[in-house]
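Shown next: run-v8.txt, containing compact mmCIF, C-alpha atoms.
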# COMPACT_ATOMS: atom_id res chain seq x y z
CA MET A 27 113.99 93.50 139.38
CA GLY A 28 113.35 90.54 137.12
CA GLY A 29 117.04 90.13 136.39
CA LEU A 30 117.34 93.75 135.18
CA THR A 31 120.09 96.12 136.30
CA MET A 32 120.03 99.73 135.21
CA ASP A 33 122.76 100.69 132.73
CA GLN A 34 123.30 102.87 129.65
CA ALA A 35 121.81 100.28 127.27
CA PHE A 36 118.32 101.16 128.54
CA VAL A 37 118.63 104.94 128.14
CA GLN A 38 116.50 106.47 125.40
CA ALA A 39 117.73 109.35 123.26
CA PRO A 40 116.45 112.67 124.69
CA GLU A 41 113.86 113.11 121.94
CA HIS A 42 112.29 109.71 122.71
CA ARG A 43 112.14 109.93 126.49
CA PRO A 44 108.67 110.04 128.07
CA LYS A 45 107.39 113.33 129.41
CA PRO A 46 106.76 113.56 133.16
CA THR A 47 103.02 113.58 132.47
CA VAL A 48 101.29 111.80 129.59
CA THR A 49 97.72 112.86 128.87
CA GLU A 50 95.05 110.18 128.87
CA ALA A 51 93.73 109.67 125.36
CA THR A 52 90.21 110.72 124.53
CA GLY A 53 88.33 109.35 121.57
CA ILE A 54 89.93 105.91 121.25
CA PRO A 55 86.97 103.82 120.08
CA LEU A 56 85.38 101.40 122.56
CA ILE A 57 83.58 98.69 120.57
CA ASP A 58 81.11 96.20 122.02
CA LEU A 59 81.42 92.88 120.17
CA SER A 60 78.47 91.24 121.92
CA PRO A 61 76.36 91.11 118.70
CA LEU A 62 78.88 88.50 117.47
CA THR A 63 78.27 86.27 120.48
CA ALA A 64 74.62 86.99 121.29
CA ASP A 65 72.18 84.07 121.19
CA GLY A 66 69.70 85.80 118.95
CA ALA A 67 67.41 84.60 116.21
CA GLY A 68 69.68 85.86 113.48
CA GLY A 69 68.20 87.37 110.35
CA ASP A 70 68.25 90.98 109.21
CA ASP A 71 68.76 92.44 112.68
CA THR A 72 71.88 90.37 113.30
CA ALA A 73 73.26 91.15 109.84
CA ALA A 74 72.67 94.86 110.40
CA ALA A 75 74.38 94.70 113.80
CA VAL A 76 77.44 92.97 112.30
CA ASP A 77 77.58 95.51 109.48
CA ALA A 78 77.48 98.30 112.07
CA LEU A 79 80.32 96.65 113.99
CA ALA A 80 82.37 96.36 110.81
CA ALA A 81 81.83 100.07 110.14
CA GLU A 82 83.03 100.90 113.69
CA VAL A 83 86.11 98.72 113.28
CA GLY A 84 86.86 100.31 109.93
CA ALA A 85 86.57 103.85 111.26
CA ALA A 86 88.77 102.99 114.26
CA SER A 87 91.40 101.37 112.03
CA ARG A 88 91.42 104.38 109.72
CA ASP A 89 91.46 107.12 112.37
CA TRP A 90 93.49 105.51 115.17
CA GLY A 91 94.87 102.12 114.20
CA PHE A 92 93.80 101.21 117.73
CA PHE A 93 90.54 100.30 119.42
CA VAL A 94 89.33 98.64 122.62
CA VAL A 95 86.83 95.77 122.61
CA VAL A 96 84.41 94.58 125.28
CA GLY A 97 81.67 91.96 125.01
CA HIS A 98 84.24 89.76 123.28
CA GLY A 99 82.97 86.43 124.59
CA MET A 100 86.20 85.37 126.27
CA ALA A 101 85.41 83.49 129.49
CA ALA A 102 86.62 85.36 132.57
CA GLU A 103 87.92 82.08 134.00
CA THR A 104 90.12 81.54 130.93
CA VAL A 105 91.67 84.99 131.33
CA ALA A 106 92.11 84.50 135.07
CA ARG A 107 93.95 81.20 134.63
CA ALA A 108 96.31 82.73 132.05
CA THR A 109 96.92 85.74 134.29
CA ALA A 110 97.73 83.51 137.27
CA ALA A 111 100.09 81.41 135.13
CA LYS A 112 101.89 84.54 133.97
CA ARG A 113 102.44 85.83 137.50
CA ALA A 114 103.57 82.40 138.69
CA PHE A 115 106.21 82.20 135.98
CA PHE A 116 107.73 85.62 136.59
CA ALA A 117 107.77 84.95 140.34
CA LEU A 118 110.17 82.03 139.77
CA PRO A 119 113.82 82.41 140.81
CA GLN A 120 116.02 83.73 138.01
CA GLU A 121 117.76 80.39 137.53
CA ARG A 122 114.41 78.65 136.97
CA LYS A 123 113.45 81.17 134.30
CA ALA A 124 116.90 80.93 132.76
CA ALA A 125 116.33 77.19 132.28
CA VAL A 126 113.91 78.03 129.46
CA ARG A 127 115.92 80.93 128.04
CA ARG A 128 115.57 81.65 124.33
CA THR A 129 118.52 81.90 121.96
CA GLU A 130 119.01 83.05 118.38
CA ALA A 131 118.77 79.44 117.22
CA GLU A 132 115.76 78.69 119.46
CA PRO A 133 113.92 82.02 119.80
CA LEU A 134 111.11 80.90 122.12
CA GLY A 135 111.07 81.00 125.89
CA TYR A 136 112.36 83.46 128.47
CA TYR A 137 114.34 86.60 127.68
CA GLU A 138 115.29 89.81 129.49
CA SER A 139 117.38 91.65 126.89
CA GLU A 140 115.04 92.67 124.10
CA HIS A 141 115.58 95.77 121.96
CA ALA A 142 113.17 98.15 120.22
CA LYS A 143 114.77 100.67 117.85
CA ASN A 144 118.14 99.35 119.05
CA VAL A 145 117.59 100.43 122.67
CA ARG A 146 117.07 97.84 125.38
CA ASP A 147 113.54 97.52 126.82
CA TRP A 148 112.93 97.48 130.58
CA LYS A 149 111.08 94.17 130.75
CA GLU A 150 111.37 90.41 130.84
CA VAL A 151 109.32 88.21 128.52
CA PHE A 152 108.25 84.66 127.85
CA ASP A 153 107.45 83.84 124.20
CA LEU A 154 105.65 80.91 122.64
CA VAL A 155 104.00 80.12 119.33
CA ALA A 156 100.29 79.39 119.23
CA ARG A 157 100.91 76.56 116.76
CA GLU A 158 104.20 74.71 116.88
CA PRO A 159 105.46 73.97 113.34
CA PRO A 160 107.07 70.63 112.44
CA ALA A 161 110.65 70.37 113.62
CA PRO A 162 113.19 70.99 110.87
CA PRO A 163 115.44 68.07 109.85
CA PRO A 164 118.67 67.72 111.87
CA ALA A 165 120.73 68.61 108.81
CA ALA A 166 118.81 71.90 108.42
CA VAL A 167 119.35 72.70 112.11
CA ALA A 168 123.06 72.01 111.67
CA ASP A 169 123.04 74.48 108.78
CA GLY A 170 121.60 77.17 111.01
CA GLU A 171 117.84 76.84 110.51
CA VAL A 172 115.91 78.31 113.44
CA VAL A 173 113.92 75.92 115.65
CA TYR A 174 110.51 77.17 116.78
CA ALA A 175 109.69 74.77 119.61
CA ASN A 176 107.94 75.98 122.74
CA LYS A 177 109.92 75.67 125.97
CA TRP A 178 107.76 74.89 128.98
CA PRO A 179 109.06 75.36 132.53
CA GLU A 180 109.17 72.26 134.66
CA ASP A 181 107.33 71.97 137.98
CA LEU A 182 104.88 74.79 137.26
CA PRO A 183 101.53 72.99 137.43
CA GLY A 184 98.84 74.16 135.02
CA PHE A 185 101.08 76.70 133.27
CA ARG A 186 101.03 75.10 129.82
CA GLU A 187 97.37 74.14 130.03
CA ALA A 188 96.29 77.65 131.02
CA LEU A 189 98.20 79.33 128.19
CA GLU A 190 97.10 76.83 125.55
CA GLU A 191 93.47 77.31 126.59
CA TYR A 192 93.91 81.07 126.41
CA THR A 193 95.65 81.16 123.01
CA ASN A 194 93.03 78.82 121.52
CA ALA A 195 90.31 81.23 122.64
CA LEU A 196 92.28 84.18 121.28
CA GLU A 197 92.51 82.55 117.85
CA GLU A 198 88.71 82.44 117.71
CA LEU A 199 88.54 86.12 118.61
CA ALA A 200 91.26 87.02 116.11
CA LEU A 201 89.37 85.35 113.27
CA LYS A 202 86.19 87.24 114.20
CA LEU A 203 88.11 90.51 114.16
CA LEU A 204 89.71 89.57 110.85
CA GLU A 205 86.25 89.07 109.37
CA LEU A 206 85.10 92.46 110.64
CA LEU A 207 88.17 94.07 109.09
CA ALA A 208 87.45 92.35 105.78
CA ARG A 209 83.80 93.48 105.87
CA SER A 210 84.91 97.02 106.65
CA LEU A 211 86.92 97.00 103.41
CA ASN A 212 83.89 95.73 101.46
CA LEU A 213 85.46 92.29 101.06
CA ARG A 214 83.82 88.95 101.70
CA PRO A 215 84.17 88.05 105.40
CA ASP A 216 86.58 85.15 104.85
CA ARG A 217 88.75 86.98 102.31
CA LEU A 218 91.81 87.02 104.60
CA HIS A 219 91.47 83.55 106.12
CA GLY A 220 93.65 81.91 103.49
CA PHE A 221 96.70 83.81 104.72
CA PHE A 222 96.37 82.17 108.16
CA LYS A 223 96.00 78.45 107.46
CA GLU A 224 99.45 77.80 108.94
CA HIS A 225 99.76 81.05 110.83
CA THR A 226 102.94 82.09 112.64
CA THR A 227 101.21 83.73 115.58
CA PHE A 228 103.29 84.59 118.63
CA PHE A 229 102.02 84.92 122.17
CA ARG A 230 103.98 86.76 124.83
CA LEU A 231 103.96 87.24 128.57
CA ASN A 232 105.43 90.61 129.59
CA HIS A 233 106.66 91.68 133.00
CA TYR A 234 107.79 95.28 133.57
CA PRO A 235 109.45 95.58 137.01
CA PRO A 236 109.62 98.93 138.79
CA CYS A 237 112.34 101.01 137.15
CA PRO A 238 114.76 103.28 139.07
CA ARG A 239 114.92 105.81 136.19
CA PRO A 240 111.54 105.85 134.43
CA GLU A 241 112.20 109.36 133.08
CA VAL A 242 114.83 108.05 130.62
CA VAL A 243 113.70 104.43 130.10
CA LEU A 244 110.80 102.74 128.29
CA GLY A 245 109.28 99.33 128.91
CA VAL A 246 108.96 99.01 125.15
CA GLY A 247 110.34 101.63 122.81
CA ARG A 248 108.28 103.19 120.06
CA HIS A 249 107.36 100.69 117.36
CA LYS A 250 104.65 99.31 115.12
CA ASP A 251 103.65 95.66 115.13
CA PRO A 252 104.53 93.80 111.93
CA GLY A 253 101.62 91.33 111.79
CA ALA A 254 97.96 91.65 110.86
CA LEU A 255 96.60 92.60 114.28
CA THR A 256 97.52 92.38 117.95
CA ILE A 257 95.19 91.49 120.81
CA LEU A 258 96.50 92.85 124.12
CA TYR A 259 95.38 92.12 127.65
CA GLN A 260 96.93 94.48 130.19
CA ASP A 261 96.56 94.86 133.94
CA ASP A 262 95.19 97.95 135.64
CA VAL A 263 98.64 99.59 135.89
CA GLY A 264 98.30 100.48 132.21
CA ARG A 265 100.92 102.86 130.79
CA LEU A 266 100.39 101.84 127.18
CA ASP A 267 100.95 104.96 125.04
CA VAL A 268 99.92 105.56 121.44
CA ARG A 269 101.08 108.35 119.16
CA ARG A 270 98.08 110.48 118.24
CA ARG A 271 97.97 111.10 114.50
CA SER A 272 96.39 114.54 114.67
CA ASP A 273 99.38 116.16 116.41
CA GLY A 274 102.03 113.45 116.91
CA GLU A 275 101.72 113.61 120.72
CA TRP A 276 101.96 110.52 122.92
CA VAL A 277 98.72 109.82 124.79
CA ARG A 278 97.90 107.07 127.29
CA VAL A 279 95.36 104.33 126.59
CA LYS A 280 92.88 104.11 129.45
CA CYS A 281 92.52 100.73 131.13
CA VAL A 282 89.00 99.34 130.67
CA PRO A 283 88.03 96.34 132.83
CA ASN A 284 87.45 93.04 130.99
CA SER A 285 88.64 94.45 127.69
CA PHE A 286 91.25 93.82 125.03
CA VAL A 287 93.21 96.49 123.19
CA ILE A 288 93.38 95.79 119.44
CA ASN A 289 95.88 97.40 117.16
CA VAL A 290 96.27 97.21 113.42
CA GLY A 291 99.63 95.86 112.30
CA ASP A 292 101.82 96.58 109.30
CA THR A 293 100.44 93.63 107.34
CA MET A 294 96.88 94.97 107.51
CA HIS A 295 98.25 98.41 106.66
CA VAL A 296 99.72 97.04 103.43
CA TRP A 297 96.74 94.81 102.56
CA SER A 298 94.46 97.84 102.86
CA ASN A 299 96.74 99.89 100.57
CA ASP A 300 96.97 102.69 103.16
CA ARG A 301 93.25 102.79 103.98
CA TYR A 302 94.23 101.65 107.46
CA GLU A 303 97.46 102.55 109.22
CA SER A 304 99.37 100.63 111.85
CA ALA A 305 99.70 102.69 114.99
CA GLU A 306 102.98 103.59 116.65
CA HIS A 307 102.95 102.74 120.35
CA ARG A 308 105.21 102.22 123.36
CA VAL A 309 105.06 101.27 127.04
CA SER A 310 106.13 103.65 129.82
CA VAL A 311 107.39 102.37 133.18
CA ASN A 312 107.29 103.66 136.73
CA SER A 313 109.40 103.36 139.86
CA GLU A 314 106.75 101.92 142.17
CA LYS A 315 104.51 99.31 140.56
CA GLU A 316 105.24 96.31 138.36
CA ARG A 317 103.15 95.90 135.22
CA PHE A 318 102.03 92.75 133.40
CA SER A 319 100.55 92.28 129.94
CA MET A 320 99.82 89.51 127.44
CA PRO A 321 99.93 90.41 123.71
CA TYR A 322 98.83 87.96 121.02
CA PHE A 323 100.44 88.77 117.66
CA PHE A 324 98.20 87.36 114.90
CA ASN A 325 100.58 86.73 112.00
CA PRO A 326 100.15 85.18 108.54
CA ALA A 327 101.70 81.93 107.34
CA ARG A 328 105.43 82.05 106.71
CA ASP A 329 104.99 81.56 102.95
CA ALA A 330 102.47 84.42 102.64
CA ILE A 331 103.31 87.15 100.17
CA VAL A 332 102.12 90.51 101.53
CA GLU A 333 100.93 93.14 99.07
CA PRO A 334 97.89 95.39 98.60
CA LEU A 335 94.80 93.27 98.00
CA GLU A 336 93.76 93.21 94.36
CA GLU A 337 90.21 94.31 95.19
CA LEU A 338 91.59 97.52 96.73
CA VAL A 339 93.78 98.67 93.84
CA SER A 340 92.83 100.17 90.51
CA GLU A 341 94.23 102.43 87.83
CA GLU A 342 93.11 105.41 89.92
CA ASN A 343 94.44 103.87 93.15
CA PRO A 344 97.53 101.84 92.23
CA PRO A 345 99.34 99.63 94.75
CA ARG A 346 101.41 101.71 97.13
CA TYR A 347 103.66 98.83 98.25
CA SER A 348 105.75 96.23 96.52
CA ALA A 349 105.09 92.62 97.42
CA TYR A 350 107.28 91.08 100.10
CA SER A 351 107.72 87.74 101.84
CA TRP A 352 106.18 87.70 105.30
CA GLY A 353 108.65 85.02 106.42
CA ASP A 354 111.70 87.05 105.40
CA TYR A 355 110.29 90.28 106.82
CA PHE A 356 109.38 88.72 110.15
CA SER A 357 112.75 87.01 110.52
CA THR A 358 114.46 90.37 110.07
CA LYS A 359 112.22 91.94 112.72
CA LEU A 360 112.99 89.11 115.15
CA ASN A 361 116.71 89.61 114.69
CA GLY A 362 116.31 93.28 115.54
CA ASN A 363 114.40 92.39 118.72
CA PHE A 364 116.97 89.86 119.84
CA LYS A 365 120.07 92.01 119.70
CA ARG A 366 121.30 95.48 118.93
CA LEU A 367 121.91 95.95 115.22
CA ASP A 368 124.10 98.49 113.44
CA VAL A 369 121.09 99.82 111.53
CA ASP A 370 117.37 100.20 112.23
CA SER A 371 115.33 97.11 111.38
CA LEU A 372 113.31 96.83 108.19
CA GLN A 373 110.03 98.80 108.07
CA ILE A 374 107.09 98.64 105.66
CA ALA A 375 108.07 102.09 104.43
CA ASP A 376 111.01 100.30 102.79
CA PHE A 377 108.50 98.53 100.55
CA ARG A 378 106.68 101.63 99.34
CA ALA A 379 106.39 101.50 95.58
CA SER A 380 108.42 104.70 95.26
CA SER A 381 111.11 103.83 97.85
CA GLY A 382 113.47 102.17 95.42
CA TYR A 383 113.87 99.18 97.75
CA VAL A 384 113.80 95.85 95.88
CA PRO A 385 112.38 93.19 98.21
CA SER A 386 112.79 89.44 97.88
CA VAL A 387 109.43 87.75 97.31
CA SER A 388 110.75 84.38 96.28
CA GLY A 389 109.70 81.44 98.40
CA ALA A 390 113.15 79.95 97.97
CA ASP A 391 114.44 81.62 101.13
CA CYS A 392 111.38 80.71 103.21
CA ASN A 393 111.09 77.45 105.11
CA ASN A 394 107.92 76.02 106.63
CA HIS A 395 108.94 76.35 110.25
CA ILE A 396 107.94 79.99 110.84
What does this structure look like when you write it as structure tokens?
Amino acid sequence: MGGLTMDQAFVQAPEHRPKPTVTEATGIPLIDLSPLTADGAGGDDTAAAVDALAAEVGAASRDWGFFVVVGHGMAAETVARATAAKRAFFALPQERKAAVRRTEAEPLGYYESEHAKNVRDWKEVFDLVAREPPAPPPAAVADGEVVYANKWPEDLPGFREALEEYTNALEELALKLLELLARSLNLRPDRLHGFFKEHTTFFRLNHYPPCPRPEVVLGVGRHKDPGALTILYQDDVGRLDVRRRSDGEWVRVKCVPNSFVINVGDTMHVWSNDRYESAEHRVSVNSEKERFSMPYFFNPARDAIVEPLEELVSEENPPRYSAYSWGDYFSTKLNGNFKRLDVDSLQIADFRASSGYVPSVSGADCNNHI
């Protein structure tokens, strides 16, 4: 079972356990991005089509925090190669996967003991960064600075090439989505690009083996993603659940062939000054079929200061969040994923202007290595 053995660490509190039946969601927006990739003549028709797309993205981000995209322009062969690489890696013997295990000091590579909300997730993962930062000086490493260097398994032909091709294509898609989000907020299309010049984007391979007690366990516990947006490719097993805002019920996201699931993250939530809201989601497991997925977490540069965008605040609509350091915030979230903590990890609610929390926004505690 992917190195997983059932024990109490996986058991969710009764109030967070999945129900025997989860209703399939209705109304999650399905957005066709083909106007962005069509070989048309341009002009007013193209501009109108892009404006219409931006309006759809804005409505989906406001009402759901989730949407599904098709017509995205990603080559089917690129997705197929990444999917094959993912399956090949998780099919390796445990000792081969353990050779690229991540640690607190080197948090990239293979791991099978991740926590969400301080409960262990039923999954094994392989993490990498889309852009490797420069290695920190040896003296900084000796002082405890984290090293973000990708670990590639040996003797797995084409694995690295397939994932690098895929993440490069995903960056193009992420920037297009970022522009649509900016347009939807009546900002210039490239308004958010400056936050991503040295982005700290993570890419993950997920494997959820069959679970002997799916009624008390989750593949990923309830959470919100901390970055700007997430692009998820999932297989046809599905079982991605989102909390519906209208009634707080968990509903299942339908699998749509050749699609990506997009969800708004906490960073976009703050930038929009609550116009858009990051969506709480989780992954359920089952006792019969394994599940695979590949999320791409599009994150700002480490030195980015996250706060409501100045164009979206006014005397009538003051900023609802205090500024905070993305690098510090993300490091805290990573620590909470890596091991069980005595307290819940930091949330954006802690930065609400009325929360009384005093965040550190100084760059002094941020290095340039993610």
query = Mind pulling up the distance from CA of Ile54 in chain A to CA of Ala78 in chain A?
reply = 17.2 Å
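CA of Trp178 in chain A to CA of Phe229 in chain A spans 13.4 Å [interatomic distance, one decimal].
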key: Residue contacts of Leu255 in chain A (9 Å, only C-alpha atoms) excluding same-chain residues fewer than 4 positions away, as number ranges by chain   = A: 200, 203-204, 251, 288-294, 304, 322-325
Kindly export the residues of the current selection with C-alpha atoms, as a PDB file, in the coordinates of the input.
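The result, written out as again32.pdb:
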ATOM      1  CA  ALA A 200      91.260  87.020 116.110  1.00  0.00           C
ATOM      2  CA  LEU A 203      88.110  90.510 114.160  1.00  0.00           C
ATOM      3  CA  LEU A 204      89.710  89.570 110.850  1.00  0.00           C
ATOM      4  CA  ASP A 251     103.650  95.660 115.130  1.00  0.00           C
ATOM      5  CA  ILE A 288      93.380  95.790 119.440  1.00  0.00           C
ATOM      6  CA  ASN A 289      95.880  97.400 117.160  1.00  0.00           C
ATOM      7  CA  VAL A 290      96.270  97.210 113.420  1.00  0.00           C
ATOM      8  CA  GLY A 291      99.630  95.860 112.300  1.00  0.00           C
ATOM      9  CA  ASP A 292     101.820  96.580 109.300  1.00  0.00           C
ATOM     10  CA  THR A 293     100.440  93.630 107.340  1.00  0.00           C
ATOM     11  CA  MET A 294      96.880  94.970 107.510  1.00  0.00           C
ATOM     12  CA  SER A 304      99.370 100.630 111.850  1.00  0.00           C
ATOM     13  CA  TYR A 322      98.830  87.960 121.020  1.00  0.00           C
ATOM     14  CA  PHE A 323     100.440  88.770 117.660  1.00  0.00           C
ATOM     15  CA  PHE A 324      98.200  87.360 114.900  1.00  0.00           C
ATOM     16  CA  ASN A 325     100.580  86.730 112.000  1.00  0.00           C
TER      17      ASN A 325
END
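Here CA of Asp33 in chain A stands at a distance of 19.9 Å from CA of Lys315 in chain A.
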Who sits within 6 Å of range 230-245 of chain A, all atoms listed in the file, same chain under 6 positions skipped, as a CSV table (one decimal) with C-alpha atoms, in the coordinates of the input:
chain,number,residue,atom,x,y,z
A,27,MET,CA,114.0,93.5,139.4
A,36,PHE,CA,118.3,101.2,128.5
A,37,VAL,CA,118.6,104.9,128.1
A,38,GLN,CA,116.5,106.5,125.4
A,43,ARG,CA,112.1,109.9,126.5
A,147,ASP,CA,113.5,97.5,126.8
A,148,TRP,CA,112.9,97.5,130.6
A,149,LYS,CA,111.1,94.2,130.8
A,150,GLU,CA,111.4,90.4,130.8
A,151,VAL,CA,109.3,88.2,128.5
A,152,PHE,CA,108.2,84.7,127.8
A,153,ASP,CA,107.4,83.8,124.2
A,309,VAL,CA,105.1,101.3,127.0
A,310,SER,CA,106.1,103.6,129.8
A,311,VAL,CA,107.4,102.4,133.2
A,312,ASN,CA,107.3,103.7,136.7
A,313,SER,CA,109.4,103.4,139.9
A,314,GLU,CA,106.8,101.9,142.2
A,315,LYS,CA,104.5,99.3,140.6
A,316,GLU,CA,105.2,96.3,138.4
A,317,ARG,CA,103.2,95.9,135.2
A,318,PHE,CA,102.0,92.8,133.4
A,319,SER,CA,100.6,92.3,129.9
A,320,MET,CA,99.8,89.5,127.4
A,321,PRO,CA,99.9,90.4,123.7
